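structure_16.pdb (PDB, C-alpha atoms and all ligand atoms) appears below.
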ATOM      1  CA  MET P   1     -10.977  11.451  -7.020  1.00  0.00           C
ATOM      2  CA  ARG P   2      -8.566  11.876  -4.145  1.00  0.00           C
ATOM      3  CA  THR P   3      -6.467   8.944  -2.970  1.00  0.00           C
ATOM      4  CA  GLY P   4      -4.023   8.440  -0.169  1.00  0.00           C
ATOM      5  CA  VAL P   5      -0.949   6.276  -0.671  1.00  0.00           C
ATOM      6  CA  PHE P   6       0.751   4.906   2.420  1.00  0.00           C
ATOM      7  CA  ASP P   7       4.065   3.139   2.858  1.00  0.00           C
ATOM      8  CA  SER P   8       6.542   2.699   5.684  1.00  0.00           C
ATOM      9  CA  GLY P   9       9.020   4.811   3.709  1.00  0.00           C
ATOM     10  CA  ILE P  10       9.940   5.543   0.136  1.00  0.00           C
ATOM     11  CA  GLY P  11       9.192   2.101  -1.363  1.00  0.00           C
ATOM     12  CA  GLY P  12       5.580   3.070  -2.001  1.00  0.00           C
ATOM     13  CA  LEU P  13       6.879   5.532  -4.592  1.00  0.00           C
ATOM     14  CA  SER P  14       7.131   2.526  -6.929  1.00  0.00           C
ATOM     15  CA  VAL P  15       3.371   2.065  -6.531  1.00  0.00           C
ATOM     16  CA  LEU P  16       2.758   5.804  -6.788  1.00  0.00           C
ATOM     17  CA  LYS P  17       4.522   5.855 -10.138  1.00  0.00           C
ATOM     18  CA  SER P  18       2.200   3.180 -11.515  1.00  0.00           C
ATOM     19  CA  LEU P  19      -0.858   5.028 -10.155  1.00  0.00           C
ATOM     20  CA  ILE P  20       0.247   8.291 -11.766  1.00  0.00           C
ATOM     21  CA  ASN P  21       0.900   6.603 -15.119  1.00  0.00           C
ATOM     22  CA  ALA P  22      -2.535   4.952 -15.015  1.00  0.00           C
ATOM     23  CA  LYS P  23      -4.196   8.374 -14.378  1.00  0.00           C
ATOM     24  CA  LEU P  24      -6.758   6.864 -12.015  1.00  0.00           C
ATOM     25  CA  PHE P  25      -6.744   9.788  -9.568  1.00  0.00           C
ATOM     26  CA  ASP P  26      -6.558  13.542  -9.907  1.00  0.00           C
ATOM     27  CA  GLU P  27      -5.371  14.191  -6.362  1.00  0.00           C
ATOM     28  CA  ILE P  28      -2.821  12.051  -4.567  1.00  0.00           C
ATOM     29  CA  ILE P  29      -1.478  12.384  -1.040  1.00  0.00           C
ATOM     30  CA  TYR P  30       1.570  10.231  -0.274  1.00  0.00           C
ATOM     31  CA  TYR P  31       2.556   9.515   3.300  1.00  0.00           C
ATOM     32  CA  GLY P  32       5.736   7.646   4.244  1.00  0.00           C
ATOM     33  CA  ASP P  33       6.437   6.769   7.855  1.00  0.00           C
ATOM     34  CA  THR P  34      10.112   7.491   7.316  1.00  0.00           C
ATOM     35  CA  ALA P  35      10.751   8.023  11.033  1.00  0.00           C
ATOM     36  CA  ARG P  36       9.955   4.384  11.736  1.00  0.00           C
ATOM     37  CA  VAL P  37      10.934   2.490   8.562  1.00  0.00           C
ATOM     38  CA  PRO P  38      11.595  -0.472   8.298  1.00  0.00           C
ATOM     39  CA  TYR P  39       8.312  -2.112   9.303  1.00  0.00           C
ATOM     40  CA  GLY P  40       9.452  -5.471   7.931  1.00  0.00           C
ATOM     41  CA  VAL P  41      11.474  -6.366  11.021  1.00  0.00           C
ATOM     42  CA  LYS P  42       8.754  -5.405  13.505  1.00  0.00           C
ATOM     43  CA  ASP P  43       6.094  -7.557  15.119  1.00  0.00           C
ATOM     44  CA  LYS P  44       2.429  -7.732  14.178  1.00  0.00           C
ATOM     45  CA  GLN P  45       1.113  -5.528  16.991  1.00  0.00           C
ATOM     46  CA  THR P  46       3.615  -2.765  16.239  1.00  0.00           C
ATOM     47  CA  ILE P  47       2.827  -2.882  12.512  1.00  0.00           C
ATOM     48  CA  ILE P  48      -0.906  -2.635  13.297  1.00  0.00           C
ATOM     49  CA  ARG P  49      -0.367   0.268  15.718  1.00  0.00           C
ATOM     50  CA  PHE P  50       1.763   2.235  13.223  1.00  0.00           C
ATOM     51  CA  SER P  51      -0.742   1.543  10.439  1.00  0.00           C
ATOM     52  CA  LEU P  52      -3.697   2.804  12.505  1.00  0.00           C
ATOM     53  CA  GLU P  53      -1.689   5.941  13.257  1.00  0.00           C
ATOM     54  CA  ALA P  54      -1.172   6.382   9.515  1.00  0.00           C
ATOM     55  CA  LEU P  55      -4.927   6.111   9.091  1.00  0.00           C
ATOM     56  CA  ASP P  56      -5.298   8.969  11.596  1.00  0.00           C
ATOM     57  CA  PHE P  57      -2.813  10.979   9.565  1.00  0.00           C
ATOM     58  CA  PHE P  58      -5.062  10.736   6.491  1.00  0.00           C
ATOM     59  CA  LYS P  59      -8.327  11.662   8.292  1.00  0.00           C
ATOM     60  CA  PRO P  60      -8.160  15.459   7.850  1.00  0.00           C
ATOM     61  CA  HIS P  61      -7.207  15.012   4.187  1.00  0.00           C
ATOM     62  CA  ASN P  62     -10.653  13.645   3.246  1.00  0.00           C
ATOM     63  CA  ILE P  63      -9.428  10.998   0.850  1.00  0.00           C
ATOM     64  CA  ASP P  64     -11.879   8.824  -1.104  1.00  0.00           C
ATOM     65  CA  ILE P  65      -9.750   5.687  -1.025  1.00  0.00           C
ATOM     66  CA  LEU P  66      -6.497   4.589   0.618  1.00  0.00           C
ATOM     67  CA  ILE P  67      -3.919   2.497  -1.197  1.00  0.00           C
ATOM     68  CA  VAL P  68      -1.662   0.611   1.183  1.00  0.00           C
ATOM     69  CA  ALA P  69       1.517   0.596  -0.894  1.00  0.00           C
ATOM     70  CA  CYS P  70       3.333  -1.662   1.541  1.00  0.00           C
ATOM     71  CA  ASN P  71       3.263  -5.441   1.551  1.00  0.00           C
ATOM     72  CA  THR P  72       4.157  -5.668   5.224  1.00  0.00           C
ATOM     73  CA  VAL P  73       1.209  -3.495   6.238  1.00  0.00           C
ATOM     74  CA  SER P  74      -1.019  -5.325   3.746  1.00  0.00           C
ATOM     75  CA  ALA P  75      -0.018  -8.648   5.333  1.00  0.00           C
ATOM     76  CA  TYR P  76      -0.682  -7.663   8.941  1.00  0.00           C
ATOM     77  CA  ALA P  77      -2.825  -4.572   9.295  1.00  0.00           C
ATOM     78  CA  LEU P  78      -5.172  -4.314   6.318  1.00  0.00           C
ATOM     79  CA  GLU P  79      -8.188  -5.855   8.048  1.00  0.00           C
ATOM     80  CA  GLU P  80      -7.689  -3.782  11.186  1.00  0.00           C
ATOM     81  CA  MET P  81      -7.397  -0.604   9.120  1.00  0.00           C
ATOM     82  CA  GLN P  82     -10.538  -1.497   7.173  1.00  0.00           C
ATOM     83  CA  LYS P  83     -12.413  -2.009  10.457  1.00  0.00           C
ATOM     84  CA  HIS P  84     -11.476   1.519  11.529  1.00  0.00           C
ATOM     85  CA  SER P  85     -12.351   3.245   8.270  1.00  0.00           C
ATOM     86  CA  LYS P  86     -15.414   4.171   6.246  1.00  0.00           C
ATOM     87  CA  ILE P  87     -13.530   4.550   2.971  1.00  0.00           C
ATOM     88  CA  PRO P  88     -12.185   1.625   0.898  1.00  0.00           C
ATOM     89  CA  ILE P  89      -8.660   0.552   1.809  1.00  0.00           C
ATOM     90  CA  VAL P  90      -6.835  -1.594  -0.719  1.00  0.00           C
ATOM     91  CA  GLY P  91      -3.623  -3.510  -0.075  1.00  0.00           C
ATOM     92  CA  VAL P  92      -1.093  -4.930  -2.508  1.00  0.00           C
ATOM     93  CA  ILE P  93      -1.044  -8.656  -1.708  1.00  0.00           C
ATOM     94  CA  GLU P  94      -4.330  -9.763  -3.263  1.00  0.00           C
ATOM     95  CA  PRO P  95      -3.561  -7.795  -6.458  1.00  0.00           C
ATOM     96  CA  GLY P  96      -0.082  -9.366  -6.537  1.00  0.00           C
ATOM     97  CA  VAL P  97      -1.502 -12.873  -6.301  1.00  0.00           C
ATOM     98  CA  LEU P  98      -4.005 -12.165  -9.088  1.00  0.00           C
ATOM     99  CA  ALA P  99      -1.155 -10.791 -11.203  1.00  0.00           C
ATOM    100  CA  VAL P 100       0.739 -14.076 -10.766  1.00  0.00           C
ATOM    101  CA  GLN P 101      -2.344 -15.936 -11.963  1.00  0.00           C
ATOM    102  CA  ASN P 102      -2.753 -13.633 -14.975  1.00  0.00           C
ATOM    103  CA  LYS P 103       0.875 -13.536 -16.011  1.00  0.00           C
ATOM    104  CA  LEU P 104       2.079 -17.071 -15.258  1.00  0.00           C
ATOM    105  CA  LYS P 105      -1.079 -19.151 -15.690  1.00  0.00           C
ATOM    106  CA  ASP P 106       0.777 -22.517 -15.386  1.00  0.00           C
ATOM    107  CA  THR P 107       0.339 -23.527 -11.744  1.00  0.00           C
ATOM    108  CA  ASP P 108       3.484 -25.704 -11.931  1.00  0.00           C
ATOM    109  CA  SER P 109       5.636 -22.582 -12.438  1.00  0.00           C
ATOM    110  CA  GLU P 110       8.405 -22.119  -9.897  1.00  0.00           C
ATOM    111  CA  ILE P 111       7.743 -18.877  -8.073  1.00  0.00           C
ATOM    112  CA  LEU P 112      10.171 -17.072  -5.821  1.00  0.00           C
ATOM    113  CA  ILE P 113       8.575 -14.763  -3.268  1.00  0.00           C
ATOM    114  CA  LEU P 114      10.896 -11.994  -2.089  1.00  0.00           C
ATOM    115  CA  ALA P 115       9.708  -9.857   0.791  1.00  0.00           C
ATOM    116  CA  THR P 116      10.525  -8.524   4.216  1.00  0.00           C
ATOM    117  CA  ARG P 117      10.896 -10.980   7.069  1.00  0.00           C
ATOM    118  CA  ALA P 118       7.491  -9.966   8.446  1.00  0.00           C
ATOM    119  CA  THR P 119       5.699 -10.508   5.123  1.00  0.00           C
ATOM    120  CA  ILE P 120       7.385 -13.880   4.601  1.00  0.00           C
ATOM    121  CA  ASN P 121       6.535 -14.960   8.165  1.00  0.00           C
ATOM    122  CA  SER P 122       2.898 -13.971   7.642  1.00  0.00           C
ATOM    123  CA  GLY P 123       2.696 -16.603   4.881  1.00  0.00           C
ATOM    124  CA  GLU P 124       0.132 -14.399   3.088  1.00  0.00           C
ATOM    125  CA  TYR P 125       1.504 -14.867  -0.421  1.00  0.00           C
ATOM    126  CA  GLU P 126       2.096 -18.597  -0.007  1.00  0.00           C
ATOM    127  CA  THR P 127      -1.350 -19.278   1.466  1.00  0.00           C
ATOM    128  CA  ARG P 128      -3.178 -17.334  -1.224  1.00  0.00           C
ATOM    129  CA  LEU P 129      -1.120 -18.789  -4.071  1.00  0.00           C
ATOM    130  CA  ARG P 130      -1.623 -22.349  -2.812  1.00  0.00           C
ATOM    131  CA  LYS P 131      -5.376 -21.705  -2.717  1.00  0.00           C
ATOM    132  CA  ILE P 132      -5.371 -21.054  -6.458  1.00  0.00           C
ATOM    133  CA  GLY P 133      -3.190 -24.060  -7.250  1.00  0.00           C
ATOM    134  CA  PHE P 134       0.386 -22.759  -7.287  1.00  0.00           C
ATOM    135  CA  TRP P 135       2.560 -25.138  -5.263  1.00  0.00           C
ATOM    136  CA  ASN P 136       6.128 -24.711  -6.524  1.00  0.00           C
ATOM    137  CA  LEU P 137       6.904 -21.822  -4.195  1.00  0.00           C
ATOM    138  CA  LYS P 138      10.057 -20.566  -2.519  1.00  0.00           C
ATOM    139  CA  SER P 139       9.907 -17.756   0.021  1.00  0.00           C
ATOM    140  CA  LEU P 140      12.934 -15.698   0.902  1.00  0.00           C
ATOM    141  CA  ALA P 141      13.178 -12.834   3.376  1.00  0.00           C
ATOM    142  CA  THR P 142      15.446 -10.301   1.687  1.00  0.00           C
ATOM    143  CA  GLY P 143      15.163  -7.363   4.056  1.00  0.00           C
ATOM    144  CA  LEU P 144      18.686  -6.126   3.283  1.00  0.00           C
ATOM    145  CA  PHE P 145      17.306  -4.725   0.041  1.00  0.00           C
ATOM    146  CA  VAL P 146      15.212  -2.204   2.007  1.00  0.00           C
ATOM    147  CA  PRO P 147      18.089  -0.106   3.453  1.00  0.00           C
ATOM    148  CA  LEU P 148      19.958  -0.396   0.142  1.00  0.00           C
ATOM    149  CA  VAL P 149      16.992   1.133  -1.664  1.00  0.00           C
ATOM    150  CA  GLU P 150      16.480   3.765   1.066  1.00  0.00           C
ATOM    151  CA  GLU P 151      20.180   4.581   0.582  1.00  0.00           C
ATOM    152  CA  GLY P 152      19.770   4.894  -3.200  1.00  0.00           C
ATOM    153  CA  LEU P 153      22.047   1.912  -3.968  1.00  0.00           C
ATOM    154  CA  LEU P 154      20.016   0.624  -6.909  1.00  0.00           C
ATOM    155  CA  GLU P 155      22.888  -1.010  -8.800  1.00  0.00           C
ATOM    156  CA  GLY P 156      26.570  -1.791  -8.432  1.00  0.00           C
ATOM    157  CA  ALA P 157      28.922  -3.981  -6.449  1.00  0.00           C
ATOM    158  CA  VAL P 158      27.246  -3.760  -3.039  1.00  0.00           C
ATOM    159  CA  LEU P 159      23.855  -4.762  -4.462  1.00  0.00           C
ATOM    160  CA  GLU P 160      25.424  -7.574  -6.539  1.00  0.00           C
ATOM    161  CA  SER P 161      27.112  -9.007  -3.456  1.00  0.00           C
ATOM    162  CA  VAL P 162      23.773  -9.006  -1.609  1.00  0.00           C
ATOM    163  CA  PHE P 163      22.245 -10.845  -4.609  1.00  0.00           C
ATOM    164  CA  ASP P 164      25.028 -13.441  -4.319  1.00  0.00           C
ATOM    165  CA  TYR P 165      24.392 -13.734  -0.596  1.00  0.00           C
ATOM    166  CA  TYR P 166      20.672 -14.409  -1.029  1.00  0.00           C
ATOM    167  CA  PHE P 167      20.596 -16.338  -4.305  1.00  0.00           C
ATOM    168  CA  SER P 168      23.718 -18.519  -4.223  1.00  0.00           C
ATOM    169  CA  ASN P 169      21.539 -21.662  -4.096  1.00  0.00           C
ATOM    170  CA  PHE P 170      19.696 -20.843  -7.323  1.00  0.00           C
ATOM    171  CA  THR P 171      21.122 -22.695 -10.271  1.00  0.00           C
ATOM    172  CA  ASN P 172      18.229 -21.831 -12.607  1.00  0.00           C
ATOM    173  CA  PRO P 173      16.204 -18.637 -12.745  1.00  0.00           C
ATOM    174  CA  PRO P 174      12.710 -19.083 -11.260  1.00  0.00           C
ATOM    175  CA  LYS P 175       9.803 -18.722 -13.689  1.00  0.00           C
ATOM    176  CA  GLY P 176       8.318 -15.877 -11.664  1.00  0.00           C
ATOM    177  CA  ILE P 177       9.614 -13.549  -8.964  1.00  0.00           C
ATOM    178  CA  ILE P 178       7.182 -11.693  -6.731  1.00  0.00           C
ATOM    179  CA  LEU P 179       8.623  -8.351  -5.689  1.00  0.00           C
ATOM    180  CA  GLY P 180       6.742  -8.705  -2.412  1.00  0.00           C
ATOM    181  CA  CYS P 181       8.011  -5.467  -0.967  1.00  0.00           C
ATOM    182  CA  THR P 182       7.337  -2.143  -2.628  1.00  0.00           C
ATOM    183  CA  HIS P 183      10.969  -1.140  -2.213  1.00  0.00           C
ATOM    184  CA  PHE P 184      12.062  -3.930  -4.551  1.00  0.00           C
ATOM    185  CA  PRO P 185      10.776  -2.611  -7.919  1.00  0.00           C
ATOM    186  CA  LEU P 186      13.444   0.054  -7.551  1.00  0.00           C
ATOM    187  CA  ILE P 187      16.084  -2.669  -7.964  1.00  0.00           C
ATOM    188  CA  ALA P 188      14.023  -4.648 -10.507  1.00  0.00           C
ATOM    189  CA  ASP P 189      16.377  -4.001 -13.433  1.00  0.00           C
ATOM    190  CA  ALA P 190      19.420  -5.226 -11.542  1.00  0.00           C
ATOM    191  CA  LEU P 191      17.506  -8.210 -10.152  1.00  0.00           C
ATOM    192  CA  SER P 192      16.153  -9.196 -13.542  1.00  0.00           C
ATOM    193  CA  ALA P 193      19.640  -8.947 -15.072  1.00  0.00           C
ATOM    194  CA  TYR P 194      21.018 -11.126 -12.244  1.00  0.00           C
ATOM    195  CA  PHE P 195      18.631 -13.891 -13.383  1.00  0.00           C
ATOM    196  CA  ASN P 196      19.548 -13.303 -17.069  1.00  0.00           C
ATOM    197  CA  ASN P 197      16.196 -11.618 -17.710  1.00  0.00           C
ATOM    198  CA  GLN P 198      14.582 -15.082 -17.666  1.00  0.00           C
ATOM    199  CA  SER P 199      12.046 -14.484 -14.876  1.00  0.00           C
ATOM    200  CA  VAL P 200       8.682 -12.740 -14.982  1.00  0.00           C
ATOM    201  CA  LEU P 201       8.689 -10.067 -12.276  1.00  0.00           C
ATOM    202  CA  ILE P 202       5.482  -9.305 -10.374  1.00  0.00           C
ATOM    203  CA  HIS P 203       5.355  -5.654  -9.337  1.00  0.00           C
ATOM    204  CA  SER P 204       2.905  -4.395  -6.677  1.00  0.00           C
ATOM    205  CA  GLY P 205       2.307  -1.099  -8.540  1.00  0.00           C
ATOM    206  CA  GLU P 206       1.304  -2.680 -11.829  1.00  0.00           C
ATOM    207  CA  ALA P 207      -0.727  -5.298  -9.970  1.00  0.00           C
ATOM    208  CA  ILE P 208      -2.718  -2.754  -7.996  1.00  0.00           C
ATOM    209  CA  VAL P 209      -3.528  -0.666 -11.072  1.00  0.00           C
ATOM    210  CA  GLU P 210      -4.877  -3.784 -12.774  1.00  0.00           C
ATOM    211  CA  TYR P 211      -6.847  -4.608  -9.621  1.00  0.00           C
ATOM    212  CA  LEU P 212      -8.352  -1.114  -9.270  1.00  0.00           C
ATOM    213  CA  GLU P 213      -9.399  -1.161 -12.903  1.00  0.00           C
ATOM    214  CA  THR P 214     -10.938  -4.618 -12.895  1.00  0.00           C
ATOM    215  CA  HIS P 215     -12.289  -4.940  -9.346  1.00  0.00           C
ATOM    216  CA  LEU P 216     -13.187  -1.358  -8.427  1.00  0.00           C
ATOM    217  CA  GLN P 217     -13.986  -0.300 -12.005  1.00  0.00           C
ATOM    218  CA  LEU P 218     -11.723   2.752 -11.739  1.00  0.00           C
ATOM    219  CA  ARG P 219     -11.149   3.628 -15.356  1.00  0.00           C
ATOM    220  CA  THR P 220     -11.324   7.391 -15.480  1.00  0.00           C
ATOM    221  CA  GLN P 221      -8.321   9.077 -17.088  1.00  0.00           C
ATOM    222  CA  TYR P 222      -7.830  12.021 -14.771  1.00  0.00           C
ATOM    223  CA  PRO P 223      -5.110  14.596 -15.369  1.00  0.00           C
ATOM    224  CA  LEU P 224      -3.124  14.814 -12.112  1.00  0.00           C
ATOM    225  CA  LYS P 225      -4.048  18.129 -10.436  1.00  0.00           C
ATOM    226  CA  SER P 226      -2.258  17.752  -7.158  1.00  0.00           C
ATOM    227  CA  LEU P 227       0.403  15.515  -5.642  1.00  0.00           C
ATOM    228  CA  GLN P 228       1.463  16.110  -2.064  1.00  0.00           C
ATOM    229  CA  PHE P 229       4.152  14.374  -0.051  1.00  0.00           C
ATOM    230  CA  PHE P 230       4.243  13.937   3.698  1.00  0.00           C
ATOM    231  CA  ALA P 231       6.644  12.005   5.879  1.00  0.00           C
ATOM    232  CA  SER P 232       6.928  11.403   9.604  1.00  0.00           C
ATOM    233  CA  ASP P 233      10.584  12.444   9.298  1.00  0.00           C
ATOM    234  CA  ASN P 234      12.234  14.739   6.778  1.00  0.00           C
ATOM    235  CA  THR P 235       9.477  15.402   4.242  1.00  0.00           C
ATOM    236  CA  ALA P 236      11.924  17.469   2.183  1.00  0.00           C
ATOM    237  CA  SER P 237      14.181  14.468   1.634  1.00  0.00           C
ATOM    238  CA  LEU P 238      11.252  12.229   0.640  1.00  0.00           C
ATOM    239  CA  THR P 239       9.984  14.875  -1.781  1.00  0.00           C
ATOM    240  CA  LYS P 240      13.429  15.189  -3.347  1.00  0.00           C
ATOM    241  CA  ILE P 241      13.747  11.420  -3.825  1.00  0.00           C
ATOM    242  CA  ALA P 242      10.231  11.319  -5.263  1.00  0.00           C
ATOM    243  CA  GLN P 243      11.018  14.058  -7.765  1.00  0.00           C
ATOM    244  CA  LYS P 244      14.095  12.126  -8.884  1.00  0.00           C
ATOM    245  CA  TRP P 245      12.293   8.810  -9.316  1.00  0.00           C
ATOM    246  CA  LEU P 246       8.925   9.820 -10.693  1.00  0.00           C
TER     247      LEU P 246
HETATM  248  N1  LIG D 301       7.800  -1.242   1.558  1.00  0.00           N
HETATM  249  C1  LIG D 301       7.557  -2.239   2.567  1.00  0.00           C
HETATM  250  C2  LIG D 301       6.827  -3.445   1.981  1.00  0.00           C
HETATM  251  O1  LIG D 301       6.272  -3.381   0.893  1.00  0.00           O
HETATM  252  C3  LIG D 301       8.742  -2.765   3.302  1.00  0.00           C
HETATM  253  C4  LIG D 301       9.763  -1.882   3.865  1.00  0.00           C
HETATM  254  C5  LIG D 301       9.841  -1.983   5.356  1.00  0.00           C
HETATM  255  O2  LIG D 301      10.430  -2.948   5.876  1.00  0.00           O
HETATM  256  O3  LIG D 301       9.307  -1.086   5.990  1.00  0.00           O
HETATM  257  O4  LIG D 301       6.777  -4.477   2.612  1.00  0.00           O
END

Kindly transcribe the structure held in the file into structure tokens.
Amino acid sequence: MRTGVFDSGIGGLSVLKSLINAKLFDEIIYYGDTARVPYGVKDKQTIIRFSLEALDFFKPHNIDILIVACNTVSAYALEEMQKHSKIPIVGVIEPGVLAVQNKLKDTDSEILILATRATINSGEYETRLRKIGFWNLKSLATGLFVPLVEEGLLEGAVLESVFDYYFSNFTNPPKGIILGCTHFPLIADALSAYFNNQSVLIHSGEAIVEYLETHLQLRTQYPLKSLQFFASDNTASLTKIAQKWL
């Protein structure tokens, strides 16, 4: 089975890693719109336009399913992409919400949603979580993490000072933290340590694997035959980063 994986940049590699480990696909084509990242500061119409262009990119590749490994695109453009496509297109927000339900169960749990400004403004996580009873929610746009990750700053003083900047009001670690941007799992270790490893982290990659297995019944253990990387700018650099991280 051949899948496409789409992100605005390199963050979707965190989802790709989970997909590879789960062996759900034997052919994977990754496309990062590195020329135009970040999407998380752009408006809805621009995000939709870029996402439909990404859909065009995948057309000649004859994929069976497209995984949108970007929360920002999932928040704003998923429906529009689905309207323009005959193959299934799966985003990361619904799986993330189901993962919160599975992992945290207690609807009184304090949950911190971290995401790009666009995803936070869409209210997608909050609305869906409230629908299933979670009410103790805090949303925080932490877009500065995106360039740090793109720059490979996954630990150290600069990252710690950005943590202090965003989280100075937190006296206690939240029960759960949604990594509502696929760039964020790459700083998950540092983030978890910042909160004394007391919070359950919700990761889009793990959530989507669980979702594909339970909702789309994808269970086949395929050996990976081919993995191709494409980027709208500097494919060589994306491929190099991917080889390092995967
Ligand atoms: N990886 C994207 C997401 O999951 C965000 C990065 C961006 O701002 O483009 O939302």

Pull the closest atom pair for each residue of chain P that gets at most 10 Å from ligand LIG 301 (chain D), along with the distance in Å to one decimal, counting all atoms listed in the file, ordering rows by chain and then ascending residue number, as a Markdown table.
| residue | atom | partner | partner_atom | distance |
| --- | --- | --- | --- | --- |
| P:Phe6 | CA | D:LIG301 | N1 | 9.4 |
| P:Asp7 | CA | D:LIG301 | N1 | 5.9 |
| P:Ser8 | CA | D:LIG301 | O3 | 4.7 |
| P:Gly9 | CA | D:LIG301 | O3 | 6.3 |
| P:Ile10 | CA | D:LIG301 | N1 | 7.3 |
| P:Gly11 | CA | D:LIG301 | N1 | 4.7 |
| P:Gly12 | CA | D:LIG301 | N1 | 6.0 |
| P:Leu13 | CA | D:LIG301 | N1 | 9.2 |
| P:Ser14 | CA | D:LIG301 | N1 | 9.3 |
| P:Val15 | CA | D:LIG301 | O1 | 9.7 |
| P:Gly32 | CA | D:LIG301 | N1 | 9.5 |
| P:Asp33 | CA | D:LIG301 | O3 | 8.6 |
| P:Thr34 | CA | D:LIG301 | O3 | 8.7 |
| P:Arg36 | CA | D:LIG301 | O3 | 8.0 |
| P:Val37 | CA | D:LIG301 | O3 | 4.7 |
| P:Pro38 | CA | D:LIG301 | O3 | 3.3 |
| P:Tyr39 | CA | D:LIG301 | O3 | 3.6 |
| P:Gly40 | CA | D:LIG301 | O2 | 3.4 |
| P:Val41 | CA | D:LIG301 | O2 | 6.3 |
| P:Lys42 | CA | D:LIG301 | O2 | 8.2 |
| P:Ile47 | CA | D:LIG301 | O3 | 9.4 |
| P:Val68 | CA | D:LIG301 | O1 | 8.9 |
| P:Ala69 | CA | D:LIG301 | O1 | 6.5 |
| P:Cys70 | CA | D:LIG301 | O1 | 3.5 |
| P:Asn71 | CA | D:LIG301 | O1 | 3.7 |
| P:Thr72 | CA | D:LIG301 | O4 | 3.9 |
| P:Val73 | CA | D:LIG301 | O4 | 6.7 |
| P:Ser74 | CA | D:LIG301 | O4 | 7.9 |
| P:Ala75 | CA | D:LIG301 | O4 | 8.4 |
| P:Gly91 | CA | D:LIG301 | O1 | 9.9 |
| P:Val92 | CA | D:LIG301 | O1 | 8.3 |
| P:Ile93 | CA | D:LIG301 | O1 | 9.4 |
| P:Leu114 | CA | D:LIG301 | O4 | 9.8 |
| P:Ala115 | CA | D:LIG301 | O4 | 6.4 |
| P:Thr116 | CA | D:LIG301 | O4 | 5.7 |
| P:Arg117 | CA | D:LIG301 | O2 | 8.1 |
| P:Ala118 | CA | D:LIG301 | O2 | 8.0 |
| P:Thr119 | CA | D:LIG301 | O4 | 6.6 |
| P:Ile120 | CA | D:LIG301 | O4 | 9.6 |
| P:Thr142 | CA | D:LIG301 | O2 | 9.8 |
| P:Gly143 | CA | D:LIG301 | O2 | 6.7 |
| P:Leu144 | CA | D:LIG301 | O2 | 9.2 |
| P:Phe145 | CA | D:LIG301 | C4 | 8.9 |
| P:Val146 | CA | D:LIG301 | C4 | 5.8 |
| P:Pro147 | CA | D:LIG301 | O2 | 8.5 |
| P:Val149 | CA | D:LIG301 | C4 | 9.6 |
| P:Glu150 | CA | D:LIG301 | C4 | 9.2 |
| P:Leu179 | CA | D:LIG301 | O1 | 8.6 |
| P:Gly180 | CA | D:LIG301 | O1 | 6.3 |
| P:Cys181 | CA | D:LIG301 | O1 | 3.3 |
| P:Thr182 | CA | D:LIG301 | O1 | 3.9 |
| P:His183 | CA | D:LIG301 | N1 | 4.9 |
| P:Phe184 | CA | D:LIG301 | N1 | 7.9 |
| P:Pro185 | CA | D:LIG301 | O1 | 9.9 |
| P:Ser204 | CA | D:LIG301 | O1 | 8.3 |

Once the PyMOL selection byres (((chain P and resi 239) around 12) and not hetatm) has been applied to the shown file, what residues remain in the selection, as JSON, numbers by chain?
{"P": [9, 10, 13, 29, 30, 31, 32, 34, 227, 228, 229, 230, 231, 233, 234, 235, 236, 237, 238, 240, 241, 242, 243, 244, 245, 246]}

Nearest to Asn121 (chain P): which of P:Asn169, P:Ser139, P:Ser232, P:Thr214 is it, counting all atoms listed in the file?
P:Ser139

When you count all atoms listed in the file, which of these residues is closest to Leu186 (chain P): P:Ile67, P:Leu218, P:Leu129, P:Leu154?
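Nearest candidate to Leu186 (chain P) out of P:Ile67, P:Leu218, P:Leu129, P:Leu154: P:Leu154.
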
Could you work out how far CA of Glu155 (chain P) lies from CA of Leu16 (chain P), giving the answer in Å with one decimal?
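Between these atoms lies a distance of 21.3 Å.
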
Starting from the point (7.4, -12.0, -9.3), work out which residues of protein, DNA or RNA have an atom no more than 9 Å away when counting only C-alpha atoms; state them as a ChimeraX atom specification.
/P:96,99-100,111-114,175-180,199-203

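The gap separating CA of Arg2 (chain P) from CA of Ala54 (chain P) is 16.5 Å, in Å to one decimal.
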
Give the centre and edge lengths of an axis-aligned box, in Å to one decimal, that holds all listed atoms of region 46-65 of chain P with 3 Å on each side, as lines of an AutoDock Vina configuration file.
center_x = -4.1
center_y = 6.3
center_z = 7.6
size_x = 21.5
size_y = 24.3
size_z = 23.3
